[in-house]
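Asker: My structure file upload.json, JSON, C-alpha atoms, is below:
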[["chain", "number", "residue", "atom", "x", "y", "z"],
["A", 1, "MET", "CA", 75.71, 106.05, 98.09],
["A", 2, "LEU", "CA", 73.04, 108.57, 99.11],
["A", 3, "ILE", "CA", 71.84, 108.95, 95.54],
["A", 4, "ILE", "CA", 71.40, 105.17, 95.20],
["A", 5, "ALA", "CA", 69.45, 104.92, 98.47],
["A", 6, "ALA", "CA", 67.34, 107.94, 97.51],
["A", 7, "SER", "CA", 66.65, 106.50, 94.06],
["A", 8, "LEU", "CA", 65.54, 103.17, 95.56],
["A", 9, "LEU", "CA", 63.26, 105.02, 97.98],
["A", 10, "LEU", "CA", 61.75, 107.01, 95.12],
["A", 11, "ILE", "CA", 61.22, 103.92, 92.96],
["A", 12, "ALA", "CA", 59.58, 102.00, 95.83],
["A", 13, "ALA", "CA", 57.26, 104.90, 96.67],
["A", 14, "LEU", "CA", 56.26, 105.45, 93.03],
["A", 15, "LEU", "CA", 55.62, 101.74, 92.54],
["A", 16, "ALA", "CA", 53.42, 101.63, 95.66],
["A", 17, "LEU", "CA", 51.57, 104.77, 94.54],
["A", 18, "SER", "CA", 51.00, 103.27, 91.08],
["A", 19, "ILE", "CA", 49.50, 100.10, 92.51],
["A", 20, "ILE", "CA", 47.28, 102.02, 94.93],
["A", 21, "ASP", "CA", 46.15, 104.41, 92.20],
["A", 22, "VAL", "CA", 45.20, 101.61, 89.81],
["A", 23, "ARG", "CA", 43.31, 99.69, 92.49],
["A", 24, "HIS", "CA", 41.62, 102.54, 94.38],
["A", 25, "LEU", "CA", 41.92, 105.64, 92.15],
["A", 26, "ARG", "CA", 43.55, 107.42, 95.10],
["A", 27, "LEU", "CA", 46.99, 108.71, 95.96],
["A", 28, "PRO", "CA", 47.29, 108.73, 99.75],
["A", 29, "ASP", "CA", 48.80, 111.73, 101.51],
["A", 30, "MET", "CA", 50.77, 109.39, 103.76],
["A", 31, "LEU", "CA", 52.95, 108.58, 100.71],
["A", 32, "THR", "CA", 52.83, 111.73, 98.55],
["A", 33, "LEU", "CA", 53.58, 114.29, 101.27],
["A", 34, "PRO", "CA", 56.64, 112.51, 102.74],
["A", 35, "LEU", "CA", 57.86, 111.93, 99.18],
["A", 36, "THR", "CA", 57.86, 115.70, 98.60],
["A", 37, "GLY", "CA", 59.75, 116.30, 101.84],
["A", 38, "ALA", "CA", 62.23, 113.56, 101.04],
["A", 39, "GLY", "CA", 62.88, 115.08, 97.62],
["A", 40, "LEU", "CA", 63.70, 118.44, 99.17],
["A", 41, "ILE", "CA", 65.93, 116.85, 101.83],
["A", 42, "VAL", "CA", 67.84, 114.79, 99.25],
["A", 43, "THR", "CA", 68.21, 117.90, 97.09],
["A", 44, "ALA", "CA", 69.77, 119.80, 100.00],
["A", 45, "LEU", "CA", 72.05, 116.90, 101.01],
["A", 46, "LEU", "CA", 73.33, 116.44, 97.45],
["A", 47, "GLY", "CA", 73.93, 120.15, 97.00],
["A", 48, "TRP", "CA", 71.59, 120.51, 94.06],
["A", 49, "PRO", "CA", 70.00, 123.95, 93.47],
["A", 50, "PHE", "CA", 67.46, 123.89, 96.30],
["A", 51, "THR", "CA", 65.48, 126.86, 95.00],
["A", 52, "ASP", "CA", 64.82, 125.11, 91.66],
["A", 53, "HIS", "CA", 63.41, 122.09, 93.48],
["A", 54, "LEU", "CA", 61.38, 124.12, 95.96],
["A", 55, "ILE", "CA", 59.88, 126.10, 93.07],
["A", 56, "GLY", "CA", 59.23, 122.76, 91.35],
["A", 57, "ALA", "CA", 57.29, 121.46, 94.35],
["A", 58, "VAL", "CA", 55.19, 124.62, 94.64],
["A", 59, "ALA", "CA", 54.64, 124.94, 90.88],
["A", 60, "GLY", "CA", 53.76, 121.26, 90.50],
["A", 61, "PHE", "CA", 51.08, 121.44, 93.18],
["A", 62, "THR", "CA", 49.77, 124.80, 92.00],
["A", 63, "PHE", "CA", 49.50, 123.69, 88.37],
["A", 64, "PHE", "CA", 47.34, 120.60, 88.97],
["A", 65, "ALA", "CA", 45.39, 122.14, 91.86],
["A", 66, "GLY", "CA", 44.66, 125.16, 89.66],
["A", 67, "LEU", "CA", 43.46, 122.93, 86.84],
["A", 68, "THR", "CA", 41.27, 120.99, 89.26],
["A", 69, "TYR", "CA", 39.65, 124.07, 90.76],
["A", 70, "THR", "CA", 39.20, 125.82, 87.42],
["A", 71, "TYR", "CA", 37.54, 122.76, 85.87],
["A", 72, "ARG", "CA", 35.31, 122.30, 88.92],
["A", 73, "LEU", "CA", 34.24, 125.95, 88.81],
["A", 74, "THR", "CA", 33.42, 125.87, 85.11],
["A", 75, "THR", "CA", 31.74, 122.45, 84.91],
["A", 76, "GLY", "CA", 30.72, 121.55, 88.45],
["A", 77, "ARG", "CA", 32.54, 118.22, 88.11],
["A", 78, "THR", "CA", 35.78, 116.95, 89.63],
["A", 79, "VAL", "CA", 37.99, 114.80, 87.43],
["A", 80, "LEU", "CA", 41.37, 115.23, 89.03],
["A", 81, "GLY", "CA", 42.05, 114.89, 92.74],
["A", 82, "LEU", "CA", 44.54, 116.77, 94.83],
["A", 83, "GLY", "CA", 46.54, 113.55, 95.17],
["A", 84, "ASP", "CA", 47.70, 114.14, 91.60],
["A", 85, "ALA", "CA", 48.73, 117.69, 92.51],
["A", 86, "LYS", "CA", 50.64, 116.43, 95.55],
["A", 87, "LEU", "CA", 52.39, 113.80, 93.45],
["A", 88, "LEU", "CA", 53.42, 116.42, 90.89],
["A", 89, "ALA", "CA", 54.72, 118.50, 93.81],
["A", 90, "ALA", "CA", 56.86, 115.51, 94.77],
["A", 91, "GLY", "CA", 58.08, 115.27, 91.17],
["A", 92, "GLY", "CA", 59.05, 118.92, 91.27],
["A", 93, "ALA", "CA", 60.81, 118.45, 94.61],
["A", 94, "TRP", "CA", 62.87, 115.55, 93.28],
["A", 95, "CYS", "CA", 63.55, 116.81, 89.75],
["A", 96, "GLY", "CA", 63.21, 120.61, 89.79],
["A", 97, "TRP", "CA", 60.73, 122.93, 88.09],
["A", 98, "PHE", "CA", 62.34, 122.53, 84.66],
["A", 99, "MET", "CA", 61.42, 118.83, 84.54],
["A", 100, "LEU", "CA", 57.70, 119.34, 85.29],
["A", 101, "PRO", "CA", 56.63, 119.39, 81.60],
["A", 102, "LEU", "CA", 58.44, 116.09, 81.00],
["A", 103, "ILE", "CA", 56.92, 114.54, 84.14],
["A", 104, "VAL", "CA", 53.41, 115.56, 83.04],
["A", 105, "ALA", "CA", 54.04, 114.29, 79.49],
["A", 106, "LEU", "CA", 55.35, 110.91, 80.72],
["A", 107, "ALA", "CA", 52.46, 110.53, 83.18],
["A", 108, "SER", "CA", 49.95, 111.35, 80.44],
["A", 109, "LEU", "CA", 51.51, 108.88, 78.01],
["A", 110, "SER", "CA", 51.58, 106.20, 80.72],
["A", 111, "GLY", "CA", 47.87, 106.76, 81.40],
["A", 112, "LEU", "CA", 47.06, 106.54, 77.70],
["A", 113, "ALA", "CA", 49.10, 103.34, 77.39],
["A", 114, "PHE", "CA", 47.27, 101.84, 80.37],
["A", 115, "ALA", "CA", 43.87, 102.76, 78.91],
["A", 116, "ALA", "CA", 44.85, 101.38, 75.48],
["A", 117, "ALA", "CA", 46.15, 98.13, 76.95],
["A", 118, "SER", "CA", 43.00, 97.77, 79.04],
["A", 119, "THR", "CA", 40.85, 98.31, 75.96],
["A", 120, "VAL", "CA", 42.77, 95.76, 73.90],
["A", 121, "LEU", "CA", 42.91, 93.13, 76.64],
["A", 122, "THR", "CA", 39.24, 93.39, 77.61],
["A", 123, "CYS", "CA", 37.85, 94.15, 74.14],
["A", 124, "ARG", "CA", 35.82, 96.98, 75.75],
["A", 125, "PRO", "CA", 36.44, 100.70, 75.84],
["A", 126, "PHE", "CA", 38.31, 101.77, 78.94],
["A", 127, "SER", "CA", 36.29, 103.39, 81.70],
["A", 128, "ARG", "CA", 37.01, 104.20, 85.31],
["A", 129, "ARG", "CA", 34.12, 101.94, 86.31],
["A", 130, "ALA", "CA", 35.89, 98.99, 84.65],
["A", 131, "LEU", "CA", 38.63, 99.10, 87.27]]
Write out the structure in this file as structure tokens.
Answerer:
Amino acid sequence: MLIIAASLLLIAALLALSIIDVRHLRLPDMLTLPLTGAGLIVTALLGWPFTDHLIGAVAGFTFFAGLTYTYRLTTGRTVLGLGDAKLLAAGGAWCGWFMLPLIVALASLSGLAFAAASTVLTCRPFSRRAL
């Protein structure tokens, strides 16, 4: 029963984050941070390997935050916010470090699909300003 309740919580939070991200290009801490904590709590309650999920949360945040800071240092521009890093931390907390590459791949493909659909439906190239 716990896994069903946890899954519904995760789905609701991800749906809300998706809608907010599309509308405002932001991922609020008030959703991403509790989602990370909830993932670690559920992991512990279900008896899953806690260390794998804790490493996943830290590695997920560190990966995207590192990319953000490196890109900003080399170009002077910011293209990825820390909300994305916090959301990947939540993904690592819920799924473990070994699932991070799949999470990043699915998120990237979803973004490409959204941009392609936007381009086709509006007959204009996708841009962040078009949102």
Asker: Skip stretch 90-93 of chain A itself and residues of its chain fewer than 2 positions away, then list as an MDAnalysis selection string all residues within 7 Å of it, counting all atoms listed in the file.
Answerer: chainID A and resid 32 35:36 39:40 53:54 56:57 60 86:88 95:97 100
Asker: Could you pull the residues within 12 Å of stretch 17-19 of chain A, counting only C-alpha atoms, minus those fewer than 2 positions along the same chain, as a list in words?
Answerer: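 Near stretch 17-19 of chain A, the qualifying residues are Leu10, Ile11, Ala12, Ala13, Leu14, Leu15, Asp21, Val22, Arg23, His24, Leu25, Arg26, Leu27, Pro28, Asp29, Met30, Leu31, Thr32, Leu33, Leu35, Gly83, Asp84, Lys86, Leu87, Ala90, Ala107, Ser110, Gly111 and Phe114 of chain A.
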Asker: Please return the centre and edge lengths, in Å to one decimal, of a box with edges along x, y and z that contains all listed atoms of stretch 31-49 of chain A, widened by 6 Å on every side, as AutoDock Vina command-line options.
Answerer:
--center_x 63.4 --center_y 116.3 --center_z 98.1 --size_x 33.1 --size_y 27.4 --size_z 21.3
Asker: Out of A:Phe61, A:Phe98, A:Thr122, A:Ala115, which residue has the shortest atom-to-atom distance to A:Pro49 when counting all atoms listed in the file?
Answerer: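 Closest to A:Pro49 of all the choices is A:Phe98.
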Asker: May I ask for the distance between atom CA of A:Ala38 and atom CA of A:Ser7, given in Å to one decimal place?
Answerer: 10.9 Å
Asker: Just how far from atom CA of A:Trp94 is atom CA of A:Ala44, in Å to one decimal?
Answerer: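 Here the two named atoms are 10.5 Å from each other.
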Asker: In Å, with one decimal, what is the gap from atom CA of A:Trp48 to atom CA of A:Ala6?
Answerer: 13.7 Å
